[in-house]
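Have a look at the structure below before the remarks.
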Amino acid sequence: MKNSSDNSDSLLIEKAKNGNEGAFEFLMTKYYPRVYASLYAYTKSIEDSEDLAQKTFIKVWQQIHTFRGDSAFFTWVYRIAINLAKNHFVSSSYKKDKLNISSDESEIDFTFHSNPETDLMHDESLKKIDKYIETLPESLKTAFKLRETHGKTYEEISLITETPVGTVRSRIFRARDQILNFIERETNVE
């Protein structure tokens, strides 16, 4: 089943590389929930996660011609998303936006950007994902949370858990894979 998914992805990727927006939209629709969930795990902010997910797919569209297929497409997209998130938090504009909101800016009506039904669905989905993460085996859950929630490096996690770096990488990979499979099952049910 994964092979047919990878195969259909490569066809869509090739079409997108040739400028087919429909193929790209299909890829975006398929991977948006996973990207959003990963970003939310990193940012803990609905607004930042939505903004960064949109920026991720803009960058993916702009750079899809550079995708060589050395890794899975989602892995490539995920790297872009997390790098954007890291840059976002490091940027002085982010800090400035969060620390120096003038009274005029704080009164701007953002309701046209927000959709209560969508917000509720996102919140419910994120709660389901968090609940699922809690059911993972302790070793996977710990490695995943240290990496995704606390931003620890593989080496730091290795020291904390007293396990080899290769084992840490494997545990995080397995945790991500199980979480992504859960998300895929959940999105197919709805």
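Letters A, B, ... mark the chains of the structure tokens in the order given; residue numbers begin at 1 per chain; ligand numbers begin at 1, in order shown.
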Do a neighbour search on region 160-162 of chain A at 9 Å with only C-alpha atoms, toss out local chain neighbours closer than 3 positions, and write the hits as number ranges by chain.
A: 139, 142-143, 155-157, 168
Tyr154 (chain A) environment, 10 Å, only C-alpha atoms, sequence neighbours closer than 6 positions dropped, as a list in words:
Ala143, Leu146, Arg147, Ile160, Pro164, Val165, Gly166, Thr167, Val168, Arg169 and Ile172 of chain A
Would you mind reading off the distance between CA of Asp51 (chain A) and CA of Asp70 (chain A), one decimal, in Å?
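Atom-to-atom, CA of Asp51 (chain A) and CA of Asp70 (chain A) are spaced 27.5 Å apart.
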With distances taken over only C-alpha atoms, which residue among A:Phe182, A:Tyr31, A:Tyr40, A:Phe89 lies nearest Val77 (chain A)?
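Of A:Phe182, A:Tyr31, A:Tyr40, A:Phe89, the one nearest Val77 (chain A), counting only C-alpha atoms, is A:Tyr31.
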Close residues, Gln178 (chain A) itself excluded, 10 Å, only C-alpha atoms, min 3 positions apart in chain, as a ChimeraX atom specification:
/A:132-133,136,140,172-175,181-184
Please produce an output containing C-alpha atoms for each residue in the selection, written as a short mmCIF file (atom, residue, chain, number, x, y, z; two decimals), in the first residue's frame.
data_model
loop_
_atom_site.label_atom_id
_atom_site.label_comp_id
_atom_site.auth_asym_id
_atom_site.auth_seq_id
_atom_site.Cartn_x
_atom_site.Cartn_y
_atom_site.Cartn_z
CA TYR A 132 -2.64 9.20 20.73
CA ILE A 133 0.95 10.27 21.49
CA LEU A 136 2.86 5.26 22.41
CA LEU A 140 9.05 6.28 21.63
CA ILE A 172 11.78 9.22 16.83
CA PHE A 173 11.31 7.88 13.31
CA ARG A 174 9.03 5.10 14.55
CA ALA A 175 7.04 7.51 16.73
CA ASN A 181 -0.36 6.69 10.30
CA PHE A 182 -2.80 7.63 13.06
CA ILE A 183 -3.44 11.03 11.44
CA GLU A 184 -3.95 9.36 8.06
#
Taking the DSSP secondary structure from the backbone, can you list the residues of region 48-92 of chain A that are helix (DSSP H, G or I), as number ranges by chain?
A: 48-66, 73-90, 92
Saved selection, atoms kept: N, CA and C atoms, as a short mmCIF file (atom, residue, chain, number, x, y, z; two decimals), in the first residue's frame:
data_model
loop_
_atom_site.label_atom_id
_atom_site.label_comp_id
_atom_site.auth_asym_id
_atom_site.auth_seq_id
_atom_site.Cartn_x
_atom_site.Cartn_y
_atom_site.Cartn_z
N ASP A 48 0.29 30.42 14.53
CA ASP A 48 1.63 30.24 13.96
C ASP A 48 1.67 28.99 13.08
N SER A 49 1.00 27.93 13.51
CA SER A 49 1.00 26.68 12.75
C SER A 49 0.33 26.86 11.39
N GLU A 50 -0.81 27.56 11.38
CA GLU A 50 -1.50 27.80 10.11
C GLU A 50 -0.66 28.66 9.18
N ASP A 51 -0.09 29.74 9.73
CA ASP A 51 0.74 30.65 8.95
C ASP A 51 1.96 29.91 8.38
N LEU A 52 2.62 29.15 9.23
CA LEU A 52 3.82 28.43 8.79
C LEU A 52 3.49 27.31 7.81
N ALA A 53 2.35 26.66 7.98
CA ALA A 53 1.95 25.62 7.03
C ALA A 53 1.73 26.23 5.64
N GLN A 54 1.09 27.39 5.60
CA GLN A 54 0.89 28.06 4.31
C GLN A 54 2.22 28.46 3.70
N LYS A 55 3.11 29.02 4.51
CA LYS A 55 4.44 29.40 4.01
C LYS A 55 5.21 28.18 3.53
N THR A 56 5.03 27.06 4.24
CA THR A 56 5.72 25.83 3.84
C THR A 56 5.32 25.44 2.43
N PHE A 57 4.01 25.42 2.17
CA PHE A 57 3.57 24.97 0.84
C PHE A 57 3.88 25.98 -0.26
N ILE A 58 3.98 27.25 0.09
CA ILE A 58 4.43 28.23 -0.90
C ILE A 58 5.88 27.92 -1.26
N LYS A 59 6.70 27.66 -0.25
CA LYS A 59 8.11 27.35 -0.50
C LYS A 59 8.26 26.03 -1.24
N VAL A 60 7.44 25.04 -0.88
CA VAL A 60 7.49 23.75 -1.58
C VAL A 60 7.17 23.96 -3.06
N TRP A 61 6.15 24.75 -3.37
CA TRP A 61 5.78 25.03 -4.76
C TRP A 61 6.94 25.72 -5.48
N GLN A 62 7.56 26.69 -4.81
CA GLN A 62 8.65 27.43 -5.42
C GLN A 62 9.89 26.56 -5.64
N GLN A 63 10.07 25.54 -4.80
CA GLN A 63 11.30 24.77 -4.87
C GLN A 63 11.10 23.31 -5.23
N ILE A 64 9.90 22.96 -5.69
CA ILE A 64 9.63 21.54 -5.96
C ILE A 64 10.59 20.96 -7.00
N HIS A 65 11.07 21.81 -7.90
CA HIS A 65 12.01 21.33 -8.93
C HIS A 65 13.33 20.84 -8.32
N THR A 66 13.61 21.23 -7.07
CA THR A 66 14.86 20.79 -6.42
C THR A 66 14.68 19.45 -5.69
N PHE A 73 8.80 12.26 0.10
CA PHE A 73 8.35 13.62 -0.17
C PHE A 73 7.95 14.32 1.13
N PHE A 74 7.22 13.61 2.00
CA PHE A 74 6.82 14.24 3.26
C PHE A 74 8.03 14.63 4.10
N THR A 75 9.06 13.81 4.11
CA THR A 75 10.27 14.12 4.87
C THR A 75 10.86 15.44 4.38
N TRP A 76 10.91 15.61 3.06
CA TRP A 76 11.43 16.84 2.46
C TRP A 76 10.55 18.03 2.86
N VAL A 77 9.25 17.87 2.77
CA VAL A 77 8.30 18.94 3.13
C VAL A 77 8.43 19.25 4.62
N TYR A 78 8.54 18.21 5.43
CA TYR A 78 8.66 18.37 6.89
C TYR A 78 9.89 19.19 7.24
N ARG A 79 11.02 18.90 6.59
CA ARG A 79 12.25 19.66 6.84
C ARG A 79 12.04 21.14 6.53
N ILE A 80 11.38 21.42 5.42
CA ILE A 80 11.10 22.81 5.05
C ILE A 80 10.24 23.47 6.14
N ALA A 81 9.21 22.76 6.57
CA ALA A 81 8.29 23.31 7.59
C ALA A 81 9.02 23.61 8.89
N ILE A 82 9.80 22.67 9.37
CA ILE A 82 10.48 22.86 10.66
C ILE A 82 11.56 23.94 10.54
N ASN A 83 12.26 24.00 9.40
CA ASN A 83 13.24 25.07 9.22
C ASN A 83 12.57 26.44 9.20
N LEU A 84 11.42 26.53 8.55
CA LEU A 84 10.67 27.80 8.56
C LEU A 84 10.25 28.15 9.99
N ALA A 85 9.80 27.15 10.74
CA ALA A 85 9.38 27.39 12.13
C ALA A 85 10.57 27.88 12.97
N LYS A 86 11.71 27.23 12.82
CA LYS A 86 12.90 27.65 13.58
C LYS A 86 13.28 29.08 13.21
N ASN A 87 13.31 29.37 11.91
CA ASN A 87 13.65 30.72 11.46
C ASN A 87 12.64 31.75 11.95
N HIS A 88 11.38 31.35 11.96
CA HIS A 88 10.31 32.24 12.41
C HIS A 88 10.53 32.67 13.86
N PHE A 89 10.89 31.72 14.71
CA PHE A 89 11.06 32.03 16.12
C PHE A 89 12.36 32.77 16.40
N VAL A 90 13.34 32.58 15.55
CA VAL A 90 14.62 33.25 15.74
C VAL A 90 14.57 34.69 15.21
N SER A 92 13.93 38.45 14.33
CA SER A 92 13.64 39.58 15.20
C SER A 92 12.22 40.08 14.99
#
Between CA of Asn18 (chain A) and CA of Arg34 (chain A), distance in Å (one decimal):
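Separation of CA of Asn18 (chain A) and CA of Arg34 (chain A): 24.6 Å.
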For Pro33 (chain A), list every protein, DNA or RNA residue within 10 Å, evaluated using only C-alpha atoms, and leave out those in the same chain fewer than 2 positions away; present the list as a list of chain:residue names.
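So, after excluding close chain neighbours, the residues are A:Met28, A:Thr29, A:Lys30, A:Tyr31, A:Val35, A:Tyr36, A:Ala37, A:Ser38, A:Leu39, A:Ala53, A:His122, A:Ser125, A:Leu180, A:Ile183, A:Glu184, A:Thr187.
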Would you save the residues of that selection, restricted to N, CA and C atoms, as a tab-separated table (two decimals), in the first residue's frame?
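Dumped to result22.tsv:
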chain	number	residue	atom	x	y	z
A	28	MET	N	-0.70	18.98	-1.68
A	28	MET	CA	-0.88	19.87	-0.55
A	28	MET	C	-2.06	19.40	0.32
A	29	THR	N	-3.15	19.04	-0.31
A	29	THR	CA	-4.32	18.56	0.43
A	29	THR	C	-3.97	17.29	1.21
A	30	LYS	N	-3.20	16.42	0.59
A	30	LYS	CA	-2.82	15.16	1.23
A	30	LYS	C	-1.92	15.39	2.44
A	31	TYR	N	-0.96	16.31	2.32
A	31	TYR	CA	0.06	16.46	3.36
A	31	TYR	C	-0.19	17.62	4.33
A	35	VAL	N	1.60	18.22	8.05
A	35	VAL	CA	2.50	19.37	8.23
A	35	VAL	C	1.97	20.24	9.37
A	36	TYR	N	0.67	20.52	9.34
A	36	TYR	CA	0.07	21.35	10.38
A	36	TYR	C	0.28	20.71	11.76
A	37	ALA	N	0.04	19.42	11.88
A	37	ALA	CA	0.19	18.74	13.17
A	37	ALA	C	1.64	18.81	13.65
A	38	SER	N	2.58	18.64	12.73
A	38	SER	CA	4.00	18.72	13.09
A	38	SER	C	4.35	20.13	13.56
A	39	LEU	N	3.85	21.12	12.85
A	39	LEU	CA	4.13	22.50	13.22
A	39	LEU	C	3.47	22.85	14.55
A	53	ALA	N	2.35	26.66	7.98
A	53	ALA	CA	1.95	25.62	7.03
A	53	ALA	C	1.73	26.23	5.64
A	122	HIS	N	-9.66	21.85	14.20
A	122	HIS	CA	-8.22	21.79	14.46
A	122	HIS	C	-7.95	21.42	15.91
A	125	SER	N	-8.76	17.80	16.51
A	125	SER	CA	-7.74	16.95	15.88
A	125	SER	C	-6.46	16.94	16.70
A	180	LEU	N	1.88	9.67	12.21
A	180	LEU	CA	1.41	10.00	10.86
A	180	LEU	C	0.40	8.98	10.36
A	183	ILE	N	-2.83	9.85	12.06
A	183	ILE	CA	-3.44	11.03	11.44
A	183	ILE	C	-4.10	10.63	10.12
A	184	GLU	N	-3.39	9.80	9.35
A	184	GLU	CA	-3.95	9.36	8.06
A	184	GLU	C	-5.23	8.56	8.27
A	187	THR	N	-8.01	11.04	9.24
A	187	THR	CA	-8.50	11.86	8.14
A	187	THR	C	-9.29	11.02	7.15
Residues within 9 Å of Ala41 (chain A), please, as a PyMOL selection string. Count only C-alpha atoms; anything in the same chain fewer than 5 positions from it doesn't count.
chain A and resi 36+49+126+130+145+148-149
Which value, in Å to one decimal, gives the distance between CA of Lys128 (chain A) and CA of Phe144 (chain A)?
16.4 Å
I need the residue nearest Leu27 (chain A) from this list: A:Thr135, A:Ser91, A:Thr163, A:Ser10. Use only C-alpha atoms for the distance.
A:Ser10
May I ask which of the residues A:Lys127, A:Ala72, A:Gly151, A:Leu11 is the closest one to Asp177 (chain A), counting only C-alpha atoms?
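Residue with the minimum atom-to-atom distance to Asp177 (chain A): A:Ala72.
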